[in-house]
Amino acid sequence: MLKRNQFGKDFKWGVTISAFQNEGWANADGKGASIWDTFTNNTSNINNGDEIGNAANFYKQYEQDILLAKQIGLDVFRFSISWSRILPNGTGSINNEGIDYYNRIIDCCLSHQLTPYITLYHWDLPQALEDQGGWTNRQIVHWFLDYTQICIQHFGDRVKHWVVMNEPMTFTGLGYFTGYHAPQKKGILNFLKAAHHAVLCMAQGGRLIRNTIANAQIGVALSCSHVKPVDRKSKNVRAAKRMEALLNRFFIEPLLGMGYPIDVMPALKLINLIFKKGDDQLMSFDFDFIGLQYYFRVVARHSIYPPILFADEVPPVKRNVKLNTMNLDVYPKGLKKVLKFYTAYKKIKSFIISESGVCYPDYLVNGHVYDARRLKYHQMILKQIKKSRKQGIPVNGYFIWTLVDNFEWKEGFEPRFGIVHVDFKSQQRTIKLSGEWFRKFLHS
Ligand code: BGC
């Protein structure tokens with residue numbers, strides 16, 4: 001049976017949310033537009049034509065949500081800052097109402113003894129910056145550092161835990177390579193530029209925080225997957241290695257000073273075209289922790305597309321595996337394998353599982369949501385963490401994705417990940433069975 005004390009008294013129990021998915025009120029109090037506001041304004045971009053409305057209304061209900069986290073027994077509240085709420089044009093004049101809002105969130109967390117973790121970037125780039133090329137414009141490094149400096153200046157007296165960026169592979173891959181997400185840019189060159197600039201921002205951002213906030217704990221949150229080849233044919237085994245390089249190695253290796261994984265993807269040398277003198281030094285930083293975000297397993301095979309990767313995923317629907325609402329392969333056991341993979345990087349000091357979760361349809365019946373499958377998922381994840389810790393892997397926290405149901409990007413409101421149910425019409429919250437389990441478990 002799982003018990004809280006099996007994880008040690010310093011293990012951090014938290015929850016992660018993001019500004020765009022939770023806050024709503026996209027035009028309130030001087031906020032500027034982000035690329036995700038632009039994208040969702042066209043409802044044909046969103047599954048089922050969902051309108052985001054006020055998302056999960058965190059802009060107004062933050063006190064209630066923070067209190068829920070407290071009641072469940074969590075000790076970390078990880079949230080992201082909407083860059084365009086603070087700098088409506090991405091750069092230049094500051095919107096003080098945005099600053100005040102995040103100050104209220106931080107103070108509310110602290111008053112409930114919840115440690116605030118700030119994510120500086122969770123994908124909602126100010127539209128004004130995208131209009132100037134966004135992540136493909138090298139100027140983004142300056143814009144990002146100016147924004148980081150403002151956050152440090154206003155929040156750094158109380159916030160010691162900083163996650164510089166959330167899942168660079170997702171926003172550069174889907175936003176700048178396949179065009180599936182905002183800002184719908186496509187092509188290998190856009191992707192490589194966006195990715196390289198993201199690496200520079202992470203490392204430089206980390207350095208700026210370290211140089212200005214005493215005793216700061218600084219990390220990044222990287223997506224990761226358990227990757228395996230569809231069979232033992234050598235072309236598929238090699239394809240899986242490339243897929244693994246893209247999904248698990250692409251960002252951590254340059255950040256650790258190892259460069260991009262060109263050993264299995266020589267065509268990645270293209271990225272040298274984007275390099276400027278001195279980038280080799282600027283790209284790395286010794287983070288205090290690496291956040292890993294685990295959701296699914298990928299079965300890979302050789303393919304003639306996309307270029308550079310020459311591998312694709314065998315769709316989970318064709319594999320007779322357990323699927324979530326987004327048709328992803330639910331495989332919590334993969335987390336232990338992924339942790340083992342990352343442990344080979346000796347320079348990583350400590351890990352936090354900064355997100356994991358699962359979406360299933362939930363039904364509110366007589367005031368209860370019986371989400372037994374989600375509960376099982378989190379319990380399985382906890383078992384993988386427990387086993388990994390026993391093997392000496394320094395994984396020191398688990399942040400649930402997510403507290404309340406929210407807006408799942410292009411997939412709209414249908415995928416529900418929360419341990420607390422939201423009725424999006426009334427914005428009423430109901431703790432699900434999984435949330436109740438966490439409450440008992442964390443109080444045990
Ligand atoms: C992201 C979240 C997202 C979650 C579930 C993570 O990749 O950080 O924003 O909602 O996965 O898909």
# chains A, B, ... in the order shown; residues from 1 in each chain; ligands from 1

call {"tool": "select_by_dssp", "arguments": {"residues": "region 324-387 of chain A", "states": "strand (DSSP E)", "output": "PyMOL selection string"}}
result
chain A and resi 351-356+364-365+368-369

call {"tool": "write_last_selection", "arguments": {"atoms": "N, CA, C and O atoms", "output": "PDB file, in the first residue's frame"}}
result
ATOM      1  N   PHE A 351      15.747  15.417  -9.769  1.00  0.00           N
ATOM      2  CA  PHE A 351      14.578  15.421 -10.660  1.00  0.00           C
ATOM      3  C   PHE A 351      13.321  15.754  -9.873  1.00  0.00           C
ATOM      4  O   PHE A 351      13.195  15.393  -8.693  1.00  0.00           O
ATOM      5  N   ILE A 352      12.390  16.388 -10.583  1.00  0.00           N
ATOM      6  CA  ILE A 352      11.021  16.485 -10.066  1.00  0.00           C
ATOM      7  C   ILE A 352      10.130  16.006 -11.203  1.00  0.00           C
ATOM      8  O   ILE A 352      10.381  16.356 -12.366  1.00  0.00           O
ATOM      9  N   ILE A 353       9.156  15.214 -10.898  1.00  0.00           N
ATOM     10  CA  ILE A 353       8.165  14.911 -11.943  1.00  0.00           C
ATOM     11  C   ILE A 353       7.204  16.095 -11.893  1.00  0.00           C
ATOM     12  O   ILE A 353       6.304  16.154 -11.058  1.00  0.00           O
ATOM     13  N   SER A 354       7.475  17.062 -12.773  1.00  0.00           N
ATOM     14  CA  SER A 354       6.785  18.351 -12.662  1.00  0.00           C
ATOM     15  C   SER A 354       5.417  18.343 -13.328  1.00  0.00           C
ATOM     16  O   SER A 354       4.670  19.318 -13.201  1.00  0.00           O
ATOM     17  N   GLU A 355       5.085  17.251 -14.020  1.00  0.00           N
ATOM     18  CA  GLU A 355       3.722  17.009 -14.507  1.00  0.00           C
ATOM     19  C   GLU A 355       3.573  15.545 -14.852  1.00  0.00           C
ATOM     20  O   GLU A 355       4.473  14.943 -15.436  1.00  0.00           O
ATOM     21  N   SER A 356       2.433  14.998 -14.513  1.00  0.00           N
ATOM     22  CA  SER A 356       1.956  13.752 -15.107  1.00  0.00           C
ATOM     23  C   SER A 356       0.477  13.683 -14.793  1.00  0.00           C
ATOM     24  O   SER A 356       0.015  14.228 -13.781  1.00  0.00           O
ATOM     25  N   LEU A 364     -20.360  13.831 -13.441  1.00  0.00           N
ATOM     26  CA  LEU A 364     -20.766  14.301 -12.121  1.00  0.00           C
ATOM     27  C   LEU A 364     -22.135  13.683 -11.822  1.00  0.00           C
ATOM     28  O   LEU A 364     -23.120  14.002 -12.470  1.00  0.00           O
ATOM     29  N   VAL A 365     -22.156  12.757 -10.856  1.00  0.00           N
ATOM     30  CA  VAL A 365     -23.412  12.079 -10.528  1.00  0.00           C
ATOM     31  C   VAL A 365     -23.680  12.277  -9.042  1.00  0.00           C
ATOM     32  O   VAL A 365     -22.864  11.875  -8.201  1.00  0.00           O
ATOM     33  N   HIS A 368     -20.856  13.623  -7.074  1.00  0.00           N
ATOM     34  CA  HIS A 368     -19.591  12.877  -6.995  1.00  0.00           C
ATOM     35  C   HIS A 368     -19.042  12.569  -8.388  1.00  0.00           C
ATOM     36  O   HIS A 368     -19.812  12.361  -9.315  1.00  0.00           O
ATOM     37  N   VAL A 369     -17.718  12.525  -8.490  1.00  0.00           N
ATOM     38  CA  VAL A 369     -17.096  12.085  -9.747  1.00  0.00           C
ATOM     39  C   VAL A 369     -16.227  10.878  -9.422  1.00  0.00           C
ATOM     40  O   VAL A 369     -15.250  10.977  -8.683  1.00  0.00           O
TER      41      VAL A 369
END

call {"tool": "residues_near_ligand", "arguments": {"ligand": "ligand 1", "cutoff": "8 Å", "atoms": "only C-alpha atoms and all ligand atoms", "output": "ChimeraX atom specification"}}
result
/A:17-18,21,122,166-167,170,223,293,295,355-359,401,406-409,417

call {"tool": "closest_residue", "arguments": {"among": "A:Lys235, A:Arg429, A:Lys410, A:Arg439", "to": "Asn48 (chain A)", "atoms": "only C-alpha atoms"}}
result
A:Lys410

call {"tool": "residues_around", "arguments": {"residues": "Phe20 (chain A)", "least_positions_apart": "5", "cutoff": "10 Å", "atoms": "only C-alpha atoms", "output": "PyMOL selection string"}}
result
chain A and resi 25-26+34+36-37+52+54-56+58+80-82+122-124+406-409

call {"tool": "write_last_selection", "arguments": {"atoms": "N, CA and C atoms", "output": "PDB file, in the first residue's frame"}}
result
ATOM      1  N   TRP A  25     -10.281  35.456 -18.976  1.00  0.00           N
ATOM      2  CA  TRP A  25     -10.189  36.920 -18.891  1.00  0.00           C
ATOM      3  C   TRP A  25      -9.016  37.458 -19.722  1.00  0.00           C
ATOM      4  N   ALA A  26      -9.045  37.055 -20.998  1.00  0.00           N
ATOM      5  CA  ALA A  26      -7.920  37.352 -21.893  1.00  0.00           C
ATOM      6  C   ALA A  26      -7.742  38.840 -22.172  1.00  0.00           C
ATOM      7  N   SER A  34      -2.150  37.040 -26.610  1.00  0.00           N
ATOM      8  CA  SER A  34      -1.078  36.065 -26.817  1.00  0.00           C
ATOM      9  C   SER A  34      -1.398  35.278 -28.083  1.00  0.00           C
ATOM     10  N   TRP A  36      -2.004  32.302 -28.297  1.00  0.00           N
ATOM     11  CA  TRP A  36      -3.083  31.352 -28.041  1.00  0.00           C
ATOM     12  C   TRP A  36      -4.440  32.045 -28.007  1.00  0.00           C
ATOM     13  N   ASP A  37      -4.465  33.339 -27.677  1.00  0.00           N
ATOM     14  CA  ASP A  37      -5.726  34.077 -27.795  1.00  0.00           C
ATOM     15  C   ASP A  37      -6.097  34.162 -29.272  1.00  0.00           C
ATOM     16  N   ILE A  52     -13.190  29.120 -25.789  1.00  0.00           N
ATOM     17  CA  ILE A  52     -12.480  29.072 -24.505  1.00  0.00           C
ATOM     18  C   ILE A  52     -13.194  29.858 -23.410  1.00  0.00           C
ATOM     19  N   ASN A  54     -13.987  31.880 -20.450  1.00  0.00           N
ATOM     20  CA  ASN A  54     -13.057  32.234 -19.377  1.00  0.00           C
ATOM     21  C   ASN A  54     -12.319  31.018 -18.828  1.00  0.00           C
ATOM     22  N   ALA A  55     -12.075  30.038 -19.693  1.00  0.00           N
ATOM     23  CA  ALA A  55     -11.298  28.844 -19.321  1.00  0.00           C
ATOM     24  C   ALA A  55     -11.786  28.317 -17.976  1.00  0.00           C
ATOM     25  N   ALA A  56     -10.890  28.143 -17.013  1.00  0.00           N
ATOM     26  CA  ALA A  56     -11.330  27.637 -15.700  1.00  0.00           C
ATOM     27  C   ALA A  56     -11.460  28.786 -14.702  1.00  0.00           C
ATOM     28  N   PHE A  58      -9.566  30.964 -13.445  1.00  0.00           N
ATOM     29  CA  PHE A  58      -8.579  31.124 -12.366  1.00  0.00           C
ATOM     30  C   PHE A  58      -8.284  32.604 -12.103  1.00  0.00           C
ATOM     31  N   SER A  80       1.958  29.291 -14.111  1.00  0.00           N
ATOM     32  CA  SER A  80       2.777  30.062 -15.051  1.00  0.00           C
ATOM     33  C   SER A  80       2.280  31.490 -15.119  1.00  0.00           C
ATOM     34  N   ILE A  81       3.179  32.343 -15.587  1.00  0.00           N
ATOM     35  CA  ILE A  81       2.848  33.757 -15.748  1.00  0.00           C
ATOM     36  C   ILE A  81       2.513  34.011 -17.210  1.00  0.00           C
ATOM     37  N   SER A  82       1.447  34.752 -17.411  1.00  0.00           N
ATOM     38  CA  SER A  82       1.107  35.137 -18.776  1.00  0.00           C
ATOM     39  C   SER A  82       1.938  36.381 -19.117  1.00  0.00           C
ATOM     40  N   HIS A 122       4.873  29.166 -20.425  1.00  0.00           N
ATOM     41  CA  HIS A 122       4.085  27.975 -20.735  1.00  0.00           C
ATOM     42  C   HIS A 122       3.289  28.267 -22.020  1.00  0.00           C
ATOM     43  N   TRP A 123       4.030  28.627 -23.086  1.00  0.00           N
ATOM     44  CA  TRP A 123       3.563  28.631 -24.472  1.00  0.00           C
ATOM     45  C   TRP A 123       2.766  29.839 -24.952  1.00  0.00           C
ATOM     46  N   ASP A 124       2.328  30.739 -24.058  1.00  0.00           N
ATOM     47  CA  ASP A 124       1.450  31.833 -24.518  1.00  0.00           C
ATOM     48  C   ASP A 124       2.256  33.090 -24.836  1.00  0.00           C
ATOM     49  N   ASN A 406      -9.252  21.919 -17.097  1.00  0.00           N
ATOM     50  CA  ASN A 406      -9.012  23.218 -17.741  1.00  0.00           C
ATOM     51  C   ASN A 406      -9.085  23.075 -19.250  1.00  0.00           C
ATOM     52  N   PHE A 407      -8.577  24.075 -19.960  1.00  0.00           N
ATOM     53  CA  PHE A 407      -8.688  24.108 -21.424  1.00  0.00           C
ATOM     54  C   PHE A 407      -7.464  23.435 -22.025  1.00  0.00           C
ATOM     55  N   GLU A 408      -7.679  22.325 -22.697  1.00  0.00           N
ATOM     56  CA  GLU A 408      -6.559  21.510 -23.183  1.00  0.00           C
ATOM     57  C   GLU A 408      -6.150  21.942 -24.604  1.00  0.00           C
ATOM     58  N   TRP A 409      -5.668  23.169 -24.716  1.00  0.00           N
ATOM     59  CA  TRP A 409      -5.096  23.680 -25.966  1.00  0.00           C
ATOM     60  C   TRP A 409      -5.999  23.414 -27.166  1.00  0.00           C
TER      61      TRP A 409
END

call {"tool": "residues_around", "arguments": {"residues": "Ile431 (chain A)", "least_positions_apart": "5", "cutoff": "12 Å", "atoms": "only C-alpha atoms", "output": "compact mmCIF listing (two decimals) with N, CA, C and O atoms, in the first residue's frame"}}
result
# COMPACT_ATOMS: atom_id res chain seq x y z
N ASP A 65 -9.10 28.06 -5.72
CA ASP A 65 -8.28 26.95 -6.21
C ASP A 65 -7.05 26.72 -5.34
O ASP A 65 -6.66 25.57 -5.07
N LEU A 68 -8.18 24.95 -2.37
CA LEU A 68 -8.41 23.52 -2.66
C LEU A 68 -7.10 22.74 -2.60
O LEU A 68 -7.03 21.64 -2.03
N ALA A 69 -6.06 23.32 -3.21
CA ALA A 69 -4.75 22.65 -3.19
C ALA A 69 -4.29 22.45 -1.76
O ALA A 69 -3.75 21.40 -1.38
N GLN A 71 -6.26 22.29 0.92
CA GLN A 71 -7.10 21.30 1.60
C GLN A 71 -6.72 19.87 1.19
O GLN A 71 -6.78 18.95 2.00
N ILE A 72 -6.33 19.71 -0.05
CA ILE A 72 -5.93 18.37 -0.51
C ILE A 72 -4.62 17.96 0.18
O ILE A 72 -4.33 16.78 0.29
N ASP A 362 -15.32 12.33 -17.49
CA ASP A 362 -15.76 12.26 -16.09
C ASP A 362 -17.23 12.63 -16.03
O ASP A 362 -17.68 13.48 -16.78
N LEU A 364 -20.36 13.83 -13.44
CA LEU A 364 -20.77 14.30 -12.12
C LEU A 364 -22.14 13.68 -11.82
O LEU A 364 -23.12 14.00 -12.47
N GLY A 367 -23.37 14.77 -7.21
CA GLY A 367 -22.31 15.52 -6.51
C GLY A 367 -20.99 14.78 -6.40
O GLY A 367 -20.08 15.23 -5.71
N HIS A 368 -20.86 13.62 -7.07
CA HIS A 368 -19.59 12.88 -6.99
C HIS A 368 -19.04 12.57 -8.39
O HIS A 368 -19.81 12.36 -9.31
N VAL A 369 -17.72 12.52 -8.49
CA VAL A 369 -17.10 12.08 -9.75
C VAL A 369 -16.23 10.88 -9.42
O VAL A 369 -15.25 10.98 -8.68
N TYR A 370 -16.61 9.75 -9.99
CA TYR A 370 -15.93 8.50 -9.67
C TYR A 370 -14.87 8.23 -10.75
O TYR A 370 -15.09 7.46 -11.69
N ASP A 371 -13.71 8.87 -10.64
CA ASP A 371 -12.68 8.75 -11.69
C ASP A 371 -11.64 7.69 -11.29
O ASP A 371 -10.45 7.98 -11.15
N LEU A 403 -4.74 20.37 -11.16
CA LEU A 403 -5.67 20.56 -10.05
C LEU A 403 -7.13 20.50 -10.53
O LEU A 403 -7.87 19.57 -10.20
N VAL A 404 -7.53 21.49 -11.32
CA VAL A 404 -8.92 21.51 -11.81
C VAL A 404 -8.93 21.26 -13.31
O VAL A 404 -7.96 21.58 -14.00
N ASP A 405 -10.00 20.69 -13.83
CA ASP A 405 -10.13 20.53 -15.29
C ASP A 405 -9.91 21.90 -15.93
O ASP A 405 -10.36 22.93 -15.39
N GLY A 418 -8.13 17.08 -14.48
CA GLY A 418 -8.10 17.54 -13.10
C GLY A 418 -8.41 16.44 -12.08
O GLY A 418 -9.06 15.44 -12.39
N ILE A 419 -7.93 16.67 -10.85
CA ILE A 419 -8.38 15.83 -9.74
C ILE A 419 -9.58 16.53 -9.07
O ILE A 419 -10.14 16.04 -8.11
N VAL A 420 -9.90 17.71 -9.64
CA VAL A 420 -11.11 18.44 -9.22
C VAL A 420 -11.91 18.72 -10.48
O VAL A 420 -11.37 19.23 -11.47
N HIS A 421 -13.19 18.36 -10.45
CA HIS A 421 -14.05 18.55 -11.61
C HIS A 421 -14.50 20.01 -11.71
O HIS A 421 -14.77 20.65 -10.70
N VAL A 422 -14.59 20.51 -12.96
CA VAL A 422 -15.15 21.85 -13.17
C VAL A 422 -16.35 21.75 -14.08
O VAL A 422 -16.29 21.13 -15.15
N ASP A 423 -17.44 22.35 -13.64
CA ASP A 423 -18.59 22.54 -14.52
C ASP A 423 -18.32 23.89 -15.20
O ASP A 423 -18.38 24.93 -14.56
N GLU A 436 -9.94 13.16 -3.65
CA GLU A 436 -10.22 12.70 -2.28
C GLU A 436 -9.14 11.73 -1.82
O GLU A 436 -8.71 11.76 -0.67
N TRP A 437 -8.72 10.86 -2.75
CA TRP A 437 -7.67 9.90 -2.39
C TRP A 437 -6.39 10.65 -2.02
O TRP A 437 -5.75 10.35 -1.00
N PHE A 438 -6.02 11.63 -2.84
CA PHE A 438 -4.80 12.39 -2.54
C PHE A 438 -4.94 13.08 -1.18
O PHE A 438 -3.98 13.15 -0.42
N ARG A 439 -6.15 13.59 -0.90
CA ARG A 439 -6.33 14.29 0.38
C ARG A 439 -6.04 13.34 1.55
O ARG A 439 -5.29 13.67 2.46

call {"tool": "closest_residue", "arguments": {"among": "A:Val338, A:Leu2, A:Ile400, A:Val330", "to": "Phe441 (chain A)", "atoms": "only C-alpha atoms"}}
result
A:Leu2

call {"tool": "residues_around", "arguments": {"residues": "Ile252 (chain A)", "least_positions_apart": "3", "cutoff": "10 Å", "atoms": "only C-alpha atoms", "output": "list of chain:residue names"}}
result
A:Val199, A:Val220, A:Leu222, A:Asn248, A:Arg249, A:Leu255, A:Leu256, A:Gly257, A:Met258, A:Gly259, A:Tyr260, A:Pro261, A:Ser284, A:Ile290, A:Tyr342, A:Tyr345, A:Ile348

call {"tool": "residues_around", "arguments": {"residues": "Ile271 (chain A)", "least_positions_apart": "2", "cutoff": "9 Å", "atoms": "only C-alpha atoms", "output": "CSV table (one decimal) with N, CA and C atoms, in the first residue's frame"}}
result
chain,number,residue,atom,x,y,z
A,189,LEU,N,13.3,24.6,-40.8
A,189,LEU,CA,14.1,25.8,-40.4
A,189,LEU,C,13.4,26.6,-39.3
A,192,LEU,N,14.1,24.6,-36.1
A,192,LEU,CA,15.4,24.6,-35.6
A,192,LEU,C,15.7,26.0,-35.0
A,193,LYS,N,15.3,27.0,-35.6
A,193,LYS,CA,15.5,28.4,-35.0
A,193,LYS,C,14.8,28.5,-33.7
A,196,HIS,N,16.6,26.4,-31.0
A,196,HIS,CA,17.9,26.9,-30.6
A,196,HIS,C,17.7,28.1,-29.7
A,260,TYR,N,23.7,19.3,-29.5
A,260,TYR,CA,22.5,18.6,-30.0
A,260,TYR,C,22.9,17.2,-30.3
A,267,ALA,N,21.8,15.1,-39.8
A,267,ALA,CA,21.2,16.2,-40.5
A,267,ALA,C,20.9,17.4,-39.6
A,268,LEU,N,20.9,17.1,-38.3
A,268,LEU,CA,20.7,18.2,-37.3
A,268,LEU,C,21.8,19.2,-37.3
A,269,LYS,N,22.9,18.9,-38.0
A,269,LYS,CA,24.0,19.8,-38.1
A,269,LYS,C,23.6,21.1,-38.8
A,273,LEU,N,23.9,26.4,-38.8
A,273,LEU,CA,23.7,27.6,-39.6
A,273,LEU,C,23.1,28.8,-38.8
A,274,ILE,N,22.4,28.4,-37.7
A,274,ILE,CA,21.7,29.4,-36.9
A,274,ILE,C,22.7,29.9,-35.7
A,275,PHE,N,23.7,29.1,-35.5
A,275,PHE,CA,24.6,29.4,-34.4
A,275,PHE,C,25.3,30.7,-34.6

call {"tool": "residues_around", "arguments": {"residues": "Lys349 (chain A)", "least_positions_apart": "2", "cutoff": "12 Å", "atoms": "only C-alpha atoms", "output": "number ranges by chain"}}
result
A: 217-219, 256, 286-291, 342-347, 351-352, 393-396

call {"tool": "write_last_selection", "arguments": {"atoms": "N, CA and C atoms", "output": "mmCIF file, in the first residue's frame"}}
result
data_model
loop_
_atom_site.group_PDB
_atom_site.id
_atom_site.type_symbol
_atom_site.label_atom_id
_atom_site.label_comp_id
_atom_site.auth_asym_id
_atom_site.auth_seq_id
_atom_site.Cartn_x
_atom_site.Cartn_y
_atom_site.Cartn_z
ATOM 1 N N GLN A 217 16.106 28.192 -6.467
ATOM 2 C CA GLN A 217 16.136 26.831 -6.994
ATOM 3 C C GLN A 217 15.613 26.927 -8.412
ATOM 4 N N ILE A 218 16.458 26.572 -9.382
ATOM 5 C CA ILE A 218 16.117 26.863 -10.781
ATOM 6 C C ILE A 218 16.058 25.578 -11.598
ATOM 7 N N GLY A 219 14.999 25.461 -12.388
ATOM 8 C CA GLY A 219 14.863 24.266 -13.218
ATOM 9 C C GLY A 219 14.195 24.564 -14.539
ATOM 10 N N LEU A 256 23.116 20.641 -20.900
ATOM 11 C CA LEU A 256 24.179 20.070 -20.066
ATOM 12 C C LEU A 256 25.566 20.278 -20.688
ATOM 13 N N ASP A 286 23.920 24.967 -15.211
ATOM 14 C CA ASP A 286 23.750 23.853 -14.260
ATOM 15 C C ASP A 286 22.490 24.076 -13.405
ATOM 16 N N PHE A 287 21.391 23.576 -13.913
ATOM 17 C CA PHE A 287 20.104 23.716 -13.210
ATOM 18 C C PHE A 287 20.129 22.961 -11.881
ATOM 19 N N ASP A 288 19.372 23.492 -10.926
ATOM 20 C CA ASP A 288 19.274 22.814 -9.625
ATOM 21 C C ASP A 288 18.415 21.564 -9.729
ATOM 22 N N PHE A 289 17.418 21.617 -10.586
ATOM 23 C CA PHE A 289 16.596 20.421 -10.795
ATOM 24 C C PHE A 289 16.121 20.376 -12.244
ATOM 25 N N ILE A 290 15.844 19.183 -12.686
ATOM 26 C CA ILE A 290 15.239 19.001 -13.999
ATOM 27 C C ILE A 290 13.828 18.457 -13.772
ATOM 28 N N GLY A 291 12.860 19.184 -14.291
ATOM 29 C CA GLY A 291 11.477 18.718 -14.219
ATOM 30 C C GLY A 291 11.215 17.814 -15.412
ATOM 31 N N TYR A 342 17.360 9.042 -17.948
ATOM 32 C CA TYR A 342 17.920 10.357 -17.597
ATOM 33 C C TYR A 342 19.000 10.278 -16.514
ATOM 34 N N THR A 343 18.957 9.213 -15.731
ATOM 35 C CA THR A 343 19.964 9.087 -14.669
ATOM 36 C C THR A 343 21.364 8.933 -15.258
ATOM 37 N N ALA A 344 21.419 8.512 -16.533
ATOM 38 C CA ALA A 344 22.738 8.367 -17.172
ATOM 39 C C ALA A 344 23.423 9.735 -17.310
ATOM 40 N N TYR A 345 22.656 10.819 -17.259
ATOM 41 C CA TYR A 345 23.268 12.156 -17.309
ATOM 42 C C TYR A 345 23.723 12.513 -15.897
ATOM 43 N N LYS A 346 24.988 12.285 -15.650
ATOM 44 C CA LYS A 346 25.481 12.436 -14.275
ATOM 45 C C LYS A 346 25.417 13.876 -13.762
ATOM 46 N N LYS A 347 25.368 14.824 -14.703
ATOM 47 C CA LYS A 347 25.376 16.222 -14.243
ATOM 48 C C LYS A 347 24.026 16.653 -13.667
ATOM 49 N N PHE A 351 15.747 15.417 -9.769
ATOM 50 C CA PHE A 351 14.578 15.421 -10.660
ATOM 51 C C PHE A 351 13.321 15.754 -9.873
ATOM 52 N N ILE A 352 12.390 16.388 -10.583
ATOM 53 C CA ILE A 352 11.021 16.485 -10.066
ATOM 54 C C ILE A 352 10.130 16.006 -11.203
ATOM 55 N N ILE A 393 17.654 6.853 -7.429
ATOM 56 C CA ILE A 393 17.463 7.961 -8.379
ATOM 57 C C ILE A 393 16.887 9.149 -7.615
ATOM 58 N N PRO A 394 17.533 10.316 -7.724
ATOM 59 C CA PRO A 394 17.097 11.451 -6.897
ATOM 60 C C PRO A 394 15.860 12.150 -7.461
ATOM 61 N N VAL A 395 14.726 11.470 -7.380
ATOM 62 C CA VAL A 395 13.488 12.111 -7.835
ATOM 63 C C VAL A 395 12.756 12.590 -6.590
ATOM 64 N N ASN A 396 12.649 13.909 -6.502
ATOM 65 C CA ASN A 396 12.328 14.518 -5.213
ATOM 66 C C ASN A 396 10.989 15.233 -5.151
#

call {"tool": "atom_distance", "arguments": {"atom1": "CA of Phe144 (chain A)", "atom2": "CA of Tyr294 (chain A)"}}
result
26.1 Å

call {"tool": "atom_distance", "arguments": {"atom1": "CA of His443 (chain A)", "atom2": "CA of Leu339 (chain A)"}}
result
27.1 Å

call {"tool": "select_by_dssp", "arguments": {"residues": "region 251-393 of chain A", "states": "alpha helix (DSSP H)", "output": "VMD selection string"}}
result
chain A and resid 252 to 255 279 to 282 334 to 343 372 to 390

call {"tool": "atom_distance", "arguments": {"atom1": "CA of Leu87 (chain A)", "atom2": "CA of Phe413 (chain A)"}}
result
27.5 Å
